[in-house]
Amino acid sequence: MRLTFLGTRGGIIARSDLHSMHSVLLISYRKTSILIDWGEDWLKPTPPPVKGLLLTHAHDDHVGGTRLGFPAPVYATRETWASIERYAIKEKKTIKPAIPFLIGEFRITAFEVYHSLHAPAVGYRIQAGKRTLFYVSDLIAIINEHEALKDVDLYIGDGAIITRKMLHRIKDGIPVGHTPIKEQLQWCARNGVPRALITHCGSEIVKGTPGEVEKRVSDLGAAVGVQAFIAYDGLTLVL
Ligand SMILES: [Zn+2]
Ligand SMILES: [Zn+2]
């Protein structure tokens with residue numbers, strides 16, 4: 001799989017050269033390419049040719065760029081479609097958490113995560129060839145963590161905060177907000193995930209000194225035996 005981080009900025013006001021555009025990941029394998037999320041910053045740019053766009057949830061920094069339509073099938077949960085029903089998207093595909101589906105040679109499964117009551121979110125477990133990654137941009141917790149992260153080669157996670165908790169509230173037993181990178185790296189460690197890349201960067205990373213925040217994150221990873229890096233706009237790697 002070839003991964004290109006087109007954008008790595010979270011739903012914040014700050015931006016920097018490294019994190020200028022809302023989080024979007026382009027994944028290619030053989031002849032198929034897919035995208036994850038297409039937030040507000042991407043309303044004007046033309047998307048690369050892809051077989052499908054996966055949406056994580058209905059917050060603007062993830063779906064805002066699809067308001068006027070999208071030139072490929074768009075995959076989202078029933079809850080996400082309900083929030084963006086007025087968007088001019090033509091090819092709507094409704095996916096169900098825990099039920100795998102195929103796009104070309106990609107085998108994809110959505111996993112429910114705690115993040116928002118109004119915009120229920122999912123992460124995606126994506127498999128192609130012998131490699132598996134898990135992508136989740138916004139979350140407090142993965143509901144079925146062990147199943148989601150089992151045999152995963154690379155975890156791509158939420159960079160909203162580094163160590164401090166950002167739990168907005170708990171309603172009806174459901175936690176809402178973002179979990180620190182530190183805790184996500186612990187999930188990686190306890191599920192045997194060797195590598196983590198952080199996207200959806202919050203102010204701590206975007207306004208921080210790049211070398212310093214990179215070191216903080218790699219030290220947090222090293223402390224639990226996980227190689228951890230911060231992604232930036234334009235980063236390409238092969239998994
Ligand atoms: Zn977000
Ligand atoms: Zn969100």
# chains A, B, ... in the order shown; residues from 1 in each chain; ligands from 1
call {"tool": "residues_near_ligand", "arguments": {"ligand": "ligand 1", "cutoff": "8 Å", "atoms": "only C-alpha atoms and all ligand atoms", "output": "list in words"}}
result
Gly10, Gly11, Ser23, His59, Asp60, Asp61, His62, Ser137, Asp138 and His200 of chain A
call {"tool": "residues_around", "arguments": {"residues": "His57 (chain A)", "least_positions_apart": "3", "cutoff": "7 Å", "atoms": "only C-alpha atoms", "output": "ChimeraX atom specification"}}
result
/A:62,80,119-122
call {"tool": "residues_around", "arguments": {"residues": "region 33-35 of chain A", "least_positions_apart": "3", "cutoff": "8 Å", "atoms": "only C-alpha atoms", "output": "tab-separated table (two decimals) with C-alpha atoms, in the first residue's frame"}}
result
chain	number	residue	atom	x	y	z
A	24	VAL	CA	-7.12	13.39	4.25
A	25	LEU	CA	-5.35	10.12	3.50
A	26	LEU	CA	-4.89	8.72	-0.01
A	27	ILE	CA	-4.17	4.98	-0.14
A	28	SER	CA	-3.17	3.15	-3.33
A	29	TYR	CA	-2.64	-0.53	-3.99
A	38	TRP	CA	-12.65	15.25	2.51
A	49	PRO	CA	-8.98	9.88	-9.23
A	50	VAL	CA	-10.17	7.27	-6.71
A	51	LYS	CA	-12.53	4.29	-6.59
A	52	GLY	CA	-14.09	5.50	-3.36
A	53	LEU	CA	-14.10	8.01	-0.51
A	54	LEU	CA	-14.54	6.73	3.05
call {"tool": "select_by_dssp", "arguments": {"residues": "region 70-152 of chain A", "states": "helix (DSSP H, G or I)", "output": "mmCIF file with C-alpha atoms, in the first residue's frame"}}
result
data_model
loop_
_atom_site.group_PDB
_atom_site.id
_atom_site.type_symbol
_atom_site.label_atom_id
_atom_site.label_comp_id
_atom_site.auth_asym_id
_atom_site.auth_seq_id
_atom_site.Cartn_x
_atom_site.Cartn_y
_atom_site.Cartn_z
ATOM 1 C CA ARG A 78 -26.304 5.535 8.128
ATOM 2 C CA GLU A 79 -25.721 8.071 10.924
ATOM 3 C CA THR A 80 -23.240 10.075 8.847
ATOM 4 C CA TRP A 81 -25.569 10.101 5.828
ATOM 5 C CA ALA A 82 -28.392 11.380 8.027
ATOM 6 C CA SER A 83 -26.266 14.408 8.977
ATOM 7 C CA GLU A 145 -10.343 -2.317 20.320
ATOM 8 C CA HIS A 146 -8.881 -5.805 20.229
ATOM 9 C CA GLU A 147 -10.698 -6.828 17.058
ATOM 10 C CA ALA A 148 -9.852 -3.511 15.371
ATOM 11 C CA LEU A 149 -6.119 -3.616 16.129
#
call {"tool": "atom_distance", "arguments": {"atom1": "CA of Val238 (chain A)", "atom2": "CA of Tyr114 (chain A)"}}
result
29.3 Å
call {"tool": "atom_distance", "arguments": {"atom1": "CA of Ile99 (chain A)", "atom2": "CA of Asp172 (chain A)"}}
result
25.9 Å
call {"tool": "select_by_dssp", "arguments": {"residues": "region 21-151 of chain A", "states": "strand (DSSP E)", "output": "ChimeraX atom specification"}}
result
/A:24-29,32-36,52-54,74-77,92-95,101-103,106-114,121-128,131-135,141-142
call {"tool": "closest_residue", "arguments": {"among": "A:Arg125, A:Arg195, A:His115, A:Arg216", "to": "ligand 2", "atoms": "only C-alpha atoms and all ligand atoms"}}
result
A:His115
call {"tool": "closest_residue", "arguments": {"among": "A:Ile162, A:Val176, A:Ile156, A:Ile170", "to": "Leu197 (chain A)", "atoms": "only C-alpha atoms"}}
result
A:Ile156
call {"tool": "atom_distance", "arguments": {"atom1": "CA of Ser16 (chain A)", "atom2": "CA of His178 (chain A)"}}
result
21.1 Å
call {"tool": "closest_residue", "arguments": {"among": "A:Ile103, A:Val74, A:Leu133, A:Ile140", "to": "Arg2 (chain A)", "atoms": "only C-alpha atoms"}}
result
A:Leu133
call {"tool": "closest_residue", "arguments": {"among": "A:Ala76, A:Ala98, A:Ile108, A:Ile181", "to": "Ile143 (chain A)", "atoms": "only C-alpha atoms"}}
result
A:Ala98
call {"tool": "closest_residue", "arguments": {"among": "A:Lys44, A:Arg107, A:His118, A:Arg30", "to": "ligand 2", "atoms": "only C-alpha atoms and all ligand atoms"}}
result
A:His118
call {"tool": "closest_residue", "arguments": {"among": "A:Glu105, A:Asp151, A:Glu214, A:Asp158", "to": "ligand 2", "atoms": "only C-alpha atoms and all ligand atoms"}}
result
A:Asp158
